[in-house]
>>> print(open('start-v2.cif').read())   # mmCIF, C-alpha atoms and all ligand atoms
data_data
loop_
_atom_site.label_atom_id
_atom_site.label_comp_id
_atom_site.auth_asym_id
_atom_site.auth_seq_id
_atom_site.Cartn_x
_atom_site.Cartn_y
_atom_site.Cartn_z
CA MET A 230 13.86 -32.78 -0.79
CA ILE A 231 14.60 -29.62 -2.73
CA VAL A 232 12.16 -30.73 -5.38
CA LEU A 233 9.55 -31.21 -2.67
CA LYS A 234 10.30 -27.81 -1.28
CA TRP A 235 9.92 -26.16 -4.63
CA LEU A 236 6.72 -28.04 -5.26
CA PHE A 237 5.46 -26.91 -1.90
CA LEU A 238 6.41 -23.33 -2.62
CA THR A 239 4.49 -23.32 -5.84
CA ILE A 240 1.45 -24.70 -4.07
CA SER A 241 1.37 -22.26 -1.20
CA PRO A 242 1.89 -18.73 -2.44
CA CYS A 243 4.45 -16.60 -0.71
CA ASP A 244 2.77 -13.53 0.74
CA ALA A 245 5.36 -12.54 3.33
CA ALA A 246 9.11 -12.22 3.17
CA GLU A 247 10.98 -15.45 3.82
CA PRO A 248 14.62 -16.05 4.77
CA TRP A 249 17.12 -15.57 1.97
CA GLN A 250 14.43 -14.69 -0.48
CA LEU A 251 15.79 -13.36 -3.76
CA GLY A 252 12.74 -12.87 -5.96
CA SER A 253 9.48 -11.03 -5.47
CA GLN A 254 6.66 -12.29 -3.37
CA ASP A 255 3.86 -13.95 -5.27
CA ALA A 256 1.47 -11.66 -7.04
CA ALA A 257 -1.98 -11.09 -5.57
CA THR A 258 -3.04 -8.27 -7.87
CA PRO A 259 -2.83 -7.69 -11.63
CA ILE A 260 -0.42 -4.83 -10.95
CA MET A 261 2.03 -7.07 -9.14
CA GLN A 262 1.72 -9.65 -11.90
CA GLY A 263 2.57 -6.88 -14.34
CA ILE A 264 5.59 -5.86 -12.30
CA ILE A 265 6.89 -9.42 -12.16
CA ASP A 266 6.31 -9.95 -15.87
CA LEU A 267 8.08 -6.70 -16.72
CA HIS A 268 10.98 -7.73 -14.52
CA HIS A 269 11.28 -11.04 -16.35
CA ASP A 270 10.97 -9.40 -19.78
CA ILE A 271 13.71 -6.93 -18.99
CA PHE A 272 15.88 -9.64 -17.53
CA PHE A 273 15.77 -11.45 -20.86
CA PHE A 274 17.36 -8.45 -22.59
CA LEU A 275 19.65 -7.90 -19.65
CA ILE A 276 21.15 -11.36 -19.93
CA LEU A 277 21.53 -11.11 -23.70
CA ILE A 278 23.44 -7.84 -23.29
CA LEU A 279 25.51 -9.21 -20.43
CA VAL A 280 26.61 -12.23 -22.46
CA PHE A 281 27.37 -10.10 -25.50
CA VAL A 282 29.44 -7.56 -23.57
CA LEU A 283 31.33 -10.23 -21.67
CA TRP A 284 32.05 -12.02 -24.90
CA ILE A 285 33.55 -8.88 -26.46
CA LEU A 286 35.48 -8.09 -23.33
CA VAL A 287 37.01 -11.54 -22.98
CA ARG A 288 37.80 -11.68 -26.69
CA ALA A 289 39.54 -8.34 -26.53
CA LEU A 290 41.57 -9.31 -23.49
CA TRP A 291 42.50 -12.59 -25.06
CA HIS A 292 43.49 -11.37 -28.50
CA PHE A 293 45.26 -8.23 -27.45
CA HIS A 294 47.29 -9.80 -24.70
CA TYR A 295 50.68 -8.14 -24.61
CA LYS A 296 52.46 -11.38 -25.47
CA GLU A 297 50.22 -12.08 -28.44
CA ASN A 298 50.03 -8.58 -29.83
CA ALA A 299 52.72 -6.39 -28.40
CA ILE A 300 51.95 -3.50 -30.77
CA PRO A 301 48.22 -3.17 -31.20
CA GLN A 302 46.71 -2.02 -34.43
CA ARG A 303 45.74 1.62 -34.14
CA ILE A 304 42.14 2.01 -35.22
CA VAL A 305 40.85 5.43 -34.21
CA HIS A 306 37.67 5.63 -36.23
CA GLY A 307 35.01 3.32 -37.64
CA THR A 308 31.81 4.92 -38.87
CA THR A 309 29.79 1.75 -39.31
CA ILE A 310 30.44 0.36 -35.89
CA GLU A 311 29.80 3.71 -34.25
CA ILE A 312 26.43 4.02 -35.91
CA LEU A 313 25.53 0.47 -34.97
CA ARG A 314 26.55 0.75 -31.35
CA THR A 315 24.54 3.94 -30.98
CA ILE A 316 21.37 2.83 -32.69
CA PHE A 317 21.05 -0.66 -31.27
CA PRO A 318 21.27 0.29 -27.59
CA SER A 319 18.74 3.07 -28.08
CA LEU A 320 16.38 0.67 -29.81
CA ILE A 321 16.74 -1.76 -26.95
CA SER A 322 16.00 0.95 -24.37
CA MET A 323 12.95 1.97 -26.37
CA PHE A 324 11.62 -1.56 -26.44
CA ILE A 325 12.11 -1.76 -22.70
CA ALA A 326 10.48 1.62 -22.14
CA ILE A 327 7.22 0.81 -23.93
CA PRO A 328 5.95 -1.91 -21.55
CA SER A 329 7.46 -0.06 -18.63
CA PHE A 330 5.47 3.11 -19.27
CA ALA A 331 2.32 1.13 -20.01
CA LEU A 332 2.62 -0.48 -16.60
CA LEU A 333 3.51 2.75 -14.85
CA TYR A 334 0.44 4.59 -16.11
CA SER A 335 -1.87 1.66 -15.51
CA MET A 336 -0.76 1.66 -11.88
CA ASP A 337 -1.40 5.35 -11.56
CA GLU A 338 -4.87 5.60 -12.93
CA VAL A 339 -8.06 4.63 -11.18
CA VAL A 340 -10.02 3.18 -14.06
CA VAL A 341 -12.84 1.35 -12.38
CA ASP A 342 -15.15 2.89 -9.85
CA PRO A 343 -14.02 1.32 -6.59
CA ALA A 344 -16.60 -0.56 -4.57
CA ILE A 345 -14.92 0.07 -1.26
CA THR A 346 -12.73 2.83 0.09
CA ILE A 347 -10.40 2.23 3.00
CA LYS A 348 -8.27 4.89 4.59
CA ALA A 349 -4.85 4.03 5.93
CA ILE A 350 -3.40 6.68 8.22
CA GLY A 351 0.19 6.40 9.34
CA HIS A 352 1.14 7.20 12.90
CA GLN A 353 4.28 6.92 14.92
CA TRP A 354 4.24 3.89 15.05
CA TYR A 355 1.11 2.15 14.01
CA TRP A 356 -1.48 2.38 11.29
CA THR A 357 -5.03 3.54 11.74
CA TYR A 358 -7.64 2.31 9.32
CA GLU A 359 -10.99 3.89 8.59
CA TYR A 360 -13.83 2.10 6.92
CA SER A 361 -16.37 4.72 6.01
CA ASP A 362 -18.50 3.21 3.30
CA TYR A 363 -21.82 3.26 5.04
CA ASN A 364 -24.83 5.16 3.96
CA SER A 365 -26.77 4.69 7.14
CA SER A 366 -27.41 7.90 9.04
CA ASP A 367 -24.99 9.51 11.44
CA GLU A 368 -23.04 6.68 12.90
CA GLN A 369 -19.32 7.01 13.18
CA SER A 370 -16.96 5.36 10.78
CA LEU A 371 -15.41 2.06 11.70
CA THR A 372 -11.95 3.05 12.83
CA PHE A 373 -9.26 0.92 14.38
CA ASP A 374 -5.56 0.96 15.15
CA SER A 375 -3.26 -1.74 13.94
CA TYR A 376 -0.29 -2.33 16.19
CA MET A 377 2.50 -4.81 15.76
CA ILE A 378 2.31 -7.79 18.10
CA PRO A 379 5.42 -7.66 20.31
CA GLU A 380 7.80 -10.59 20.14
CA GLU A 381 6.86 -12.00 23.54
CA ASP A 382 3.19 -12.17 22.64
CA LEU A 383 3.60 -14.01 19.39
CA GLU A 384 1.85 -17.32 19.03
CA LEU A 385 3.36 -20.28 17.25
CA GLY A 386 3.38 -19.70 13.52
CA GLN A 387 3.02 -15.96 13.64
CA SER A 388 5.66 -13.88 11.91
CA ARG A 389 7.97 -11.80 14.06
CA LEU A 390 7.80 -8.06 13.33
CA LEU A 391 5.02 -8.67 10.83
CA GLU A 392 1.92 -9.72 12.73
CA VAL A 393 -0.54 -7.07 13.89
CA ASP A 394 -3.42 -7.10 16.33
CA ASN A 395 -6.07 -5.77 13.94
CA ARG A 396 -5.72 -6.74 10.33
CA VAL A 397 -7.17 -4.80 7.43
CA VAL A 398 -9.98 -6.99 6.20
CA VAL A 399 -10.78 -6.47 2.53
CA PRO A 400 -12.99 -8.35 0.10
CA ALA A 401 -11.19 -10.34 -2.58
CA LYS A 402 -11.94 -9.88 -6.27
CA THR A 403 -13.30 -6.38 -5.64
CA HIS A 404 -11.97 -3.04 -6.74
CA LEU A 405 -10.66 -1.24 -3.69
CA ARG A 406 -9.53 2.30 -3.22
CA ILE A 407 -7.05 2.87 -0.47
CA ILE A 408 -6.46 6.42 0.65
CA VAL A 409 -3.11 6.77 2.31
CA THR A 410 -2.16 9.67 4.51
CA SER A 411 -0.27 10.39 7.69
CA ALA A 412 -0.98 12.11 10.96
CA ASP A 413 2.58 13.00 11.92
CA VAL A 414 5.66 12.27 9.81
CA PRO A 415 5.87 10.66 6.37
CA HIS A 416 5.28 6.93 6.34
CA SER A 417 4.76 4.59 3.44
CA TRP A 418 2.07 1.96 3.09
CA ALA A 419 3.55 -1.00 1.28
CA VAL A 420 2.33 -4.52 0.63
CA PRO A 421 4.70 -6.33 -1.75
CA SER A 422 2.26 -9.03 -2.86
CA SER A 423 -0.19 -6.44 -4.05
CA GLY A 424 2.47 -4.38 -5.79
CA VAL A 425 1.66 -1.34 -3.71
CA LYS A 426 3.98 1.14 -2.08
CA CYS A 427 2.37 4.45 -1.41
CA ASP A 428 3.86 7.32 0.54
CA ALA A 429 1.77 8.54 3.46
CA VAL A 430 2.37 12.25 3.58
CA PRO A 431 0.79 14.47 6.25
CA GLY A 432 -1.69 16.89 4.72
CA ARG A 433 -1.96 14.99 1.49
CA LEU A 434 -4.27 12.15 0.49
CA ASN A 435 -2.79 9.61 -1.85
CA GLN A 436 -5.00 7.11 -3.52
CA ILE A 437 -4.15 3.68 -4.80
CA SER A 438 -6.50 1.19 -6.32
CA ILE A 439 -6.02 -2.51 -5.95
CA LEU A 440 -7.86 -5.64 -6.89
CA VAL A 441 -6.86 -8.60 -4.75
CA GLN A 442 -7.34 -11.65 -6.89
CA ARG A 443 -7.14 -14.38 -4.29
CA GLU A 444 -8.07 -14.75 -0.65
CA GLY A 445 -5.11 -14.66 1.67
CA VAL A 446 -3.12 -12.77 4.25
CA TYR A 447 -0.63 -10.30 2.86
CA TYR A 448 2.18 -8.80 4.86
CA GLY A 449 3.96 -5.52 4.38
CA GLN A 450 5.92 -2.96 6.34
CA CYS A 451 6.15 0.78 6.66
CA SER A 452 8.61 1.78 3.95
CA GLU A 453 9.61 5.29 4.84
CA ILE A 454 12.03 5.87 7.69
CA CYS A 455 9.71 7.41 10.26
CA GLY A 456 11.47 7.23 13.60
CA THR A 457 12.81 4.79 16.15
CA ASN A 458 10.06 2.24 15.73
CA HIS A 459 9.92 2.41 11.96
CA ALA A 460 10.80 -1.27 11.77
CA PHE A 461 7.89 -2.14 14.05
CA THR A 462 5.08 -0.72 11.94
CA PRO A 463 3.87 -3.66 9.85
CA ILE A 464 0.82 -3.85 7.64
CA VAL A 465 -1.36 -6.93 7.34
CA VAL A 466 -4.09 -7.16 4.72
CA GLU A 467 -6.49 -10.05 4.94
CA ALA A 468 -8.52 -10.69 1.81
CA VAL A 469 -11.71 -12.63 2.48
CA PRO A 470 -14.39 -13.84 0.08
CA ARG A 471 -16.65 -11.01 -0.88
CA LYS A 472 -19.78 -12.58 0.57
CA ASP A 473 -18.10 -12.89 3.97
CA TYR A 474 -16.72 -9.38 3.97
CA GLY A 475 -19.47 -7.53 5.79
CA SER A 476 -19.82 -10.07 8.54
CA ARG A 477 -16.05 -10.36 8.92
CA VAL A 478 -15.66 -6.64 9.33
CA SER A 479 -18.44 -6.31 11.83
CA ASN A 480 -17.91 -9.53 13.79
CA GLN A 481 -14.25 -10.35 13.54
CA LEU A 482 -12.89 -7.02 14.62
CA ILE A 483 -15.07 -6.55 17.65
CA PRO A 484 -14.52 -9.76 19.65
CA GLN A 485 -10.80 -9.15 19.37
CA THR A 486 -11.11 -5.96 21.35
CA GLY A 487 -13.50 -7.58 23.79
CA GLU A 488 -10.92 -10.04 25.05
CA ALA A 489 -7.53 -9.22 26.58
CA MET B 88 -8.91 7.48 17.09
CA SER B 89 -7.12 7.72 20.41
CA SER B 90 -6.16 4.18 21.16
CA ALA B 91 -5.69 2.49 24.49
CA GLN B 92 -5.13 4.83 27.41
CA MET B 93 -1.44 3.99 27.64
CA ASP B 94 1.13 5.96 25.75
CA PRO B 95 1.51 4.20 22.42
CA HIS B 96 5.23 4.80 22.49
CA ASP B 97 5.51 3.08 25.83
CA LYS B 98 3.74 0.11 24.36
CA MET B 99 6.36 -0.30 21.69
CA ARG B 100 9.43 0.52 23.76
CA SER B 101 11.78 -2.38 24.23
CA ARG B 102 12.66 -3.74 27.64
CA ASP B 103 15.84 -5.14 29.09
CA LEU B 104 14.64 -8.48 30.45
CA SER B 105 17.33 -8.72 33.13
CA LYS B 106 16.49 -5.25 34.39
CA VAL B 107 12.81 -6.09 34.46
CA ALA B 108 13.56 -9.25 36.46
CA LYS B 109 15.52 -7.22 39.01
CA GLY B 110 12.76 -4.67 39.18
CA GLN B 111 14.91 -1.87 37.79
CA GLN B 112 12.65 -1.35 34.82
CA ALA B 113 8.91 -1.51 34.62
CA PRO B 114 7.65 -4.44 32.58
CA ARG B 115 6.02 -3.74 29.29
CA PRO B 116 2.29 -3.22 29.73
CA ALA B 117 0.21 -6.16 28.62
CA HIS B 118 -0.59 -5.97 24.98
CA SER B 119 -4.15 -5.12 24.20
CA PRO B 120 -5.48 -4.71 20.69
CA GLY B 121 -6.14 -1.17 19.52
CA THR B 122 -9.57 0.36 19.82
CA VAL B 123 -12.22 -0.43 17.29
CA SER B 124 -15.20 1.81 16.90
CA PRO B 125 -18.68 0.34 16.39
CA PRO B 126 -19.17 -1.54 13.14
CA PRO B 127 -21.88 -0.95 10.58
CA GLN B 128 -25.19 -2.44 11.58
CA ASN B 129 -25.14 -4.97 8.81
CA GLU B 130 -23.57 -5.75 5.53
CA THR B 131 -26.14 -3.86 3.53
CA THR B 132 -25.02 -0.54 4.95
CA PHE B 133 -21.80 -0.82 3.02
CA ARG B 134 -21.54 1.28 -0.05
CA ALA B 135 -20.49 -1.85 -1.91
CA LYS B 136 -24.13 -2.88 -1.82
CA ARG B 137 -25.37 0.51 -2.74
CA GLY B 138 -24.48 0.32 -6.40
CA GLU B 139 -27.08 -2.40 -6.71
CA ASP B 140 -30.01 -0.38 -5.37
CA GLY B 141 -29.75 2.46 -7.84
CA GLY B 142 -28.76 5.42 -5.72
CA GLY B 143 -29.34 9.11 -6.34
CA GLU B 144 -27.59 12.12 -7.89
CA THR B 145 -24.10 10.97 -8.71
CA ASP B 146 -23.77 7.48 -7.45
CA SER B 147 -20.04 7.52 -7.66
CA VAL B 148 -17.31 8.80 -5.43
CA ARG B 149 -15.16 8.80 -8.51
CA ASP B 150 -14.49 12.22 -9.92
CA ASP B 151 -13.14 12.60 -13.41
CA LEU B 152 -11.04 15.52 -12.21
CA PHE B 153 -9.22 13.30 -9.80
CA LEU B 154 -8.20 10.15 -11.58
CA VAL B 155 -4.69 10.55 -10.29
CA THR B 156 -2.94 9.57 -7.10
CA ASN B 157 -3.28 12.91 -5.33
CA GLU B 158 -6.79 13.08 -3.90
CA THR B 159 -6.29 15.91 -1.44
CA ARG B 160 -8.37 18.37 -3.47
CA HIS B 161 -10.99 15.76 -4.20
CA CYS B 162 -11.72 15.39 -0.52
CA PHE B 163 -11.86 19.13 0.05
CA ASN B 164 -14.10 19.65 -2.99
CA ARG B 165 -16.54 17.07 -1.70
CA TYR B 166 -16.54 18.73 1.67
CA MET B 167 -17.30 22.12 0.15
CA GLN B 168 -19.97 20.63 -2.11
CA TYR B 169 -21.64 19.13 0.90
CA HIS B 170 -21.77 22.42 2.74
CA ARG B 171 -22.91 24.28 -0.35
CA CYS B 172 -25.69 21.73 -0.61
CA LEU B 173 -26.65 22.22 3.02
CA GLU B 174 -27.37 25.89 2.40
CA GLY B 175 -31.12 26.31 2.30
CA ARG B 176 -31.94 22.69 1.69
CA ASP B 177 -33.20 19.76 3.63
CA THR B 178 -30.39 17.81 5.22
CA ASN B 179 -31.66 14.57 3.73
CA ASP B 180 -31.06 15.84 0.20
CA CYS B 181 -27.39 16.06 0.91
CA ASN B 182 -26.95 12.65 2.46
CA SER B 183 -25.17 11.21 -0.52
CA LEU B 184 -22.72 14.10 -0.55
CA ARG B 185 -22.14 13.59 3.14
CA ASP B 186 -21.35 9.95 2.42
CA TYR B 187 -18.82 10.99 -0.22
CA VAL B 188 -17.11 13.26 2.26
CA ARG B 189 -17.04 10.43 4.71
CA THR B 190 -15.60 8.11 2.12
CA MET B 191 -12.95 10.45 0.79
CA CYS B 192 -11.77 12.30 3.88
CA PRO B 193 -10.06 11.10 7.06
CA GLU B 194 -12.16 11.90 10.10
CA THR B 195 -9.57 14.11 11.75
CA LEU B 196 -9.38 16.28 8.66
CA VAL B 197 -13.15 16.77 8.58
CA GLU B 198 -13.17 17.56 12.29
CA LYS B 199 -10.48 20.17 11.74
CA TRP B 200 -12.41 21.76 8.90
CA GLU B 201 -15.60 21.76 10.92
CA GLU B 202 -13.83 23.70 13.64
CA GLN B 203 -12.37 26.10 11.13
CA ARG B 204 -15.74 26.56 9.50
CA LYS B 205 -17.35 27.38 12.82
CA SER B 206 -14.67 29.88 13.71
CA GLY B 207 -14.73 31.27 10.20
CA THR B 208 -11.12 30.46 9.38
CA LEU B 209 -11.74 27.86 6.71
CA PRO B 210 -9.59 28.94 3.74
CA SER B 211 -12.57 28.90 1.39
CA SER B 212 -16.12 30.20 1.56
CA VAL B 213 -19.23 28.15 1.09
CU CU C 501 6.22 4.59 9.48
#
>>> encode(input="start-v2.cif", output="structure tokens", more="lines below")
Ligand SMILES: [Cu+2]
Amino acid sequence: MIVLKWLFLTISPCDAAEPWQLGSQDAATPIMQGIIDLHHDIFFFLILILVFVLWILVRALWHFHYKENAIPQRIVHGTTIEILRTIFPSLISMFIAIPSFALLYSMDEVVVDPAITIKAIGHQWYWTYEYSDYNSSDEQSLTFDSYMIPEEDLELGQSRLLEVDNRVVVPAKTHLRIIVTSADVPHSWAVPSSGVKCDAVPGRLNQISILVQREGVYYGQCSEICGTNHAFTPIVVEAVPRKDYGSRVSNQLIPQTGEA
Amino acid sequence: MSSAQMDPHDKMRSRDLSKVAKGQQAPRPAHSPGTVSPPPQNETTFRAKRGEDGGGETDSVRDDLFLVTNETRHCFNRYMQYHRCLEGRDTNDCNSLRDYVRTMCPETLVEKWEEQRKSGTLPSSV
């Protein structure tokens, strides 16, 4: 049964938090893949160091037990060991720092010209999204609010505190720029599967660039304490095939407002 | 931008079901999805398609000055460029700049600046 479950988990990627989850959600962007890989790389060193330190600790406790060695040998100085235990840890930290900085700066920089820009504006307590990439005359931008669906209105299979009425529809396998800002207090736009957590600060425009590698629905939550309903400000990103994007944006969003 | 007519806070506020049943508390208003403004006429109006048809002046919203996370100045620069362009020129020449402003800046911010520009309090001159 457990085997089946694990098989199942590997087949269907995990794009929302699940009960008792310990690890990250599955990566949907190269950045998130990088974060997960870095985590695993560092964990390798971490476990080596843990085993080594525990080994020394247990050995010391064992051999210098007061019944074994009532009067311990008094060593106050050892040049060799002091040099070694200074240089080796600093080397290890350096080897950890190199991939870490590489990842950090690659997240920061917008290298490719983004095909689509979407603005995410935090409000108490919902997100407003603006799609403004048209070049046709004077029409208004496509703007919509994204509210959490209250518990009573949830349909079977929808996630409590995570589902929203209007999802952010984005094309998959396309370079996106997301401009994050806020209209009132600081919020934070975060989608774990895409490796993004960007503060939404009033009066400031923050940009993040993502490339969603697979179609899917990705869940996130506001990640900056922003008031009483902070916990009820989820984010849902729906990545659709690029060829369907335009029609999804224009058709999908509108009928939803028509009903209800 | 302004969503449904109801107070958004009221929409989110939790209810005590037993009080609602006894009529001591108003039930939560029915949930209606937020407002959505009109969509683009068709897929081809998206900038994503625009890269393919050549484009004019600088066909990129990317600015080498602003390769970093903070894009606040980028938006304002585009806005000022647009209005500098508008001075003594045909509006159509500046359409691409207008599109950049639209891409980079939240609508409310542009509206605020428009007001400030009209009243002459914009903290920069064209
Ligand atoms: Cu918030």
>>> closest_atom_pairs(input="start-v2.cif", of="chain A", to="ligand CU 501 (chain C)", cutoff="12 Å", atoms="all atoms listed in the file", output="tab-separated table")
residue	atom	partner	partner_atom	distance
A:Ala349	CA	C:CU501	CU	11.6
A:Ile350	CA	C:CU501	CU	9.9
A:Gly351	CA	C:CU501	CU	6.3
A:His352	CA	C:CU501	CU	6.7
A:Gln353	CA	C:CU501	CU	6.2
A:Trp354	CA	C:CU501	CU	6.0
A:Tyr355	CA	C:CU501	CU	7.3
A:Trp356	CA	C:CU501	CU	8.2
A:Thr357	CA	C:CU501	CU	11.5
A:Tyr376	CA	C:CU501	CU	11.6
A:Met377	CA	C:CU501	CU	11.9
A:Val409	CA	C:CU501	CU	12.0
A:Thr410	CA	C:CU501	CU	11.0
A:Ser411	CA	C:CU501	CU	8.9
A:Ala412	CA	C:CU501	CU	10.5
A:Asp413	CA	C:CU501	CU	9.5
A:Val414	CA	C:CU501	CU	7.7
A:Pro415	CA	C:CU501	CU	6.8
A:His416	CA	C:CU501	CU	4.0
A:Ser417	CA	C:CU501	CU	6.2
A:Trp418	CA	C:CU501	CU	8.1
A:Ala419	CA	C:CU501	CU	10.3
A:Cys427	CA	C:CU501	CU	11.6
A:Asp428	CA	C:CU501	CU	9.6
A:Ala429	CA	C:CU501	CU	8.5
A:Val430	CA	C:CU501	CU	10.4
A:Pro431	CA	C:CU501	CU	11.7
A:Gly449	CA	C:CU501	CU	11.5
A:Gln450	CA	C:CU501	CU	8.2
A:Cys451	CA	C:CU501	CU	4.7
A:Ser452	CA	C:CU501	CU	6.6
A:Glu453	CA	C:CU501	CU	5.8
A:Ile454	CA	C:CU501	CU	6.2
A:Cys455	CA	C:CU501	CU	4.6
A:Gly456	CA	C:CU501	CU	7.2
A:Thr457	CA	C:CU501	CU	9.4
A:Asn458	CA	C:CU501	CU	7.7
A:His459	CA	C:CU501	CU	5.0
A:Ala460	CA	C:CU501	CU	7.8
A:Phe461	CA	C:CU501	CU	8.3
A:Thr462	CA	C:CU501	CU	6.0
A:Pro463	CA	C:CU501	CU	8.6
A:Ile464	CA	C:CU501	CU	10.2
>>> closest_residue(input="start-v2.cif", among="A:Val441, A:Ile345, A:Leu279, A:Ile378", to="Asn395 of chain A", atoms="all atoms listed in the file")
A:Ile378
>>> atom_distance(input="start-v2.cif", atom1="atom CA of Ala344 of chain A", atom2="atom CA of Tyr448 of chain A")
22.6 Å
>>> atom_distance(input="start-v2.cif", atom1="atom CA of Ser183 of chain B", atom2="atom CA of Arg171 of chain B")
13.3 Å
>>> residues_around(input="start-v2.cif", residues="Gln387 of chain A", least_positions_apart="5", cutoff="12 Å", atoms="all atoms listed in the file", output="ChimeraX atom specification")
/A:245,377-382,392-394,446,448,465
>>> axis_aligned_box(input="start-v2.cif", around="segment 260-267 of chain A", padding_each_side="6 Å", output="JSON")
{"center_x": 3.8, "center_y": -7.4, "center_z": -12.9, "size_x": 20.5, "size_y": 17.1, "size_z": 19.6}
>>> atom_distance(input="start-v2.cif", atom1="atom CA of Val282 of chain A", atom2="atom CA of Ile300 of chain A")
24.0 Å
>>> closest_residue(input="start-v2.cif", among="A:Pro470, A:Pro421, A:Gly445, A:Pro343", to="Ile408 of chain A", atoms="only C-alpha atoms")
A:Pro343
>>> residues_around(input="start-v2.cif", residues="Val197 of chain B", least_positions_apart="5", cutoff="10 Å", atoms="all atoms listed in the file", output="PyMOL selection string")
chain B and resi 162-163+166+188-189+192+202-203
>>> decode(input="start-v2.cif", residues="segment 267-278 of chain A", atoms="N, CA, C and O atoms", output="PDB file, in the first residue's frame")
ATOM      1  N   LEU A 267      19.901  22.230  -4.479  1.00  0.00           N
ATOM      2  CA  LEU A 267      20.825  22.825  -3.509  1.00  0.00           C
ATOM      3  C   LEU A 267      20.563  22.263  -2.116  1.00  0.00           C
ATOM      4  O   LEU A 267      21.494  21.939  -1.377  1.00  0.00           O
ATOM      5  N   HIS A 268      19.292  22.137  -1.786  1.00  0.00           N
ATOM      6  CA  HIS A 268      18.928  21.584  -0.489  1.00  0.00           C
ATOM      7  C   HIS A 268      19.507  20.183  -0.312  1.00  0.00           C
ATOM      8  O   HIS A 268      20.107  19.857   0.719  1.00  0.00           O
ATOM      9  N   HIS A 269      19.387  19.365  -1.353  1.00  0.00           N
ATOM     10  CA  HIS A 269      19.893  18.001  -1.269  1.00  0.00           C
ATOM     11  C   HIS A 269      21.417  17.994  -1.191  1.00  0.00           C
ATOM     12  O   HIS A 269      22.001  17.227  -0.425  1.00  0.00           O
ATOM     13  N   ASP A 270      22.062  18.852  -1.988  1.00  0.00           N
ATOM     14  CA  ASP A 270      23.529  18.920  -1.952  1.00  0.00           C
ATOM     15  C   ASP A 270      24.022  19.276  -0.556  1.00  0.00           C
ATOM     16  O   ASP A 270      24.942  18.665  -0.027  1.00  0.00           O
ATOM     17  N   ILE A 271      23.382  20.286   0.023  1.00  0.00           N
ATOM     18  CA  ILE A 271      23.824  20.739   1.340  1.00  0.00           C
ATOM     19  C   ILE A 271      23.531  19.662   2.385  1.00  0.00           C
ATOM     20  O   ILE A 271      24.312  19.438   3.289  1.00  0.00           O
ATOM     21  N   PHE A 272      22.428  18.980   2.211  1.00  0.00           N
ATOM     22  CA  PHE A 272      22.087  17.932   3.165  1.00  0.00           C
ATOM     23  C   PHE A 272      23.120  16.823   3.172  1.00  0.00           C
ATOM     24  O   PHE A 272      23.365  16.205   4.206  1.00  0.00           O
ATOM     25  N   PHE A 273      23.740  16.565   2.050  1.00  0.00           N
ATOM     26  CA  PHE A 273      24.799  15.562   1.988  1.00  0.00           C
ATOM     27  C   PHE A 273      25.922  15.937   2.949  1.00  0.00           C
ATOM     28  O   PHE A 273      26.323  15.150   3.811  1.00  0.00           O
ATOM     29  N   PHE A 274      26.400  17.191   2.860  1.00  0.00           N
ATOM     30  CA  PHE A 274      27.455  17.643   3.761  1.00  0.00           C
ATOM     31  C   PHE A 274      26.961  17.662   5.197  1.00  0.00           C
ATOM     32  O   PHE A 274      27.690  17.314   6.116  1.00  0.00           O
ATOM     33  N   LEU A 275      25.719  18.080   5.345  1.00  0.00           N
ATOM     34  CA  LEU A 275      25.146  18.204   6.677  1.00  0.00           C
ATOM     35  C   LEU A 275      25.169  16.865   7.403  1.00  0.00           C
ATOM     36  O   LEU A 275      25.542  16.776   8.572  1.00  0.00           O
ATOM     37  N   ILE A 276      24.825  15.800   6.691  1.00  0.00           N
ATOM     38  CA  ILE A 276      24.779  14.492   7.341  1.00  0.00           C
ATOM     39  C   ILE A 276      26.188  13.988   7.624  1.00  0.00           C
ATOM     40  O   ILE A 276      26.447  13.439   8.699  1.00  0.00           O
ATOM     41  N   LEU A 277      27.111  14.233   6.711  1.00  0.00           N
ATOM     42  CA  LEU A 277      28.508  13.858   6.967  1.00  0.00           C
ATOM     43  C   LEU A 277      29.001  14.516   8.254  1.00  0.00           C
ATOM     44  O   LEU A 277      29.592  13.871   9.124  1.00  0.00           O
ATOM     45  N   ILE A 278      28.745  15.815   8.371  1.00  0.00           N
ATOM     46  CA  ILE A 278      29.229  16.561   9.545  1.00  0.00           C
ATOM     47  C   ILE A 278      28.534  16.054  10.805  1.00  0.00           C
ATOM     48  O   ILE A 278      29.164  15.862  11.839  1.00  0.00           O
TER      49      ILE A 278
END
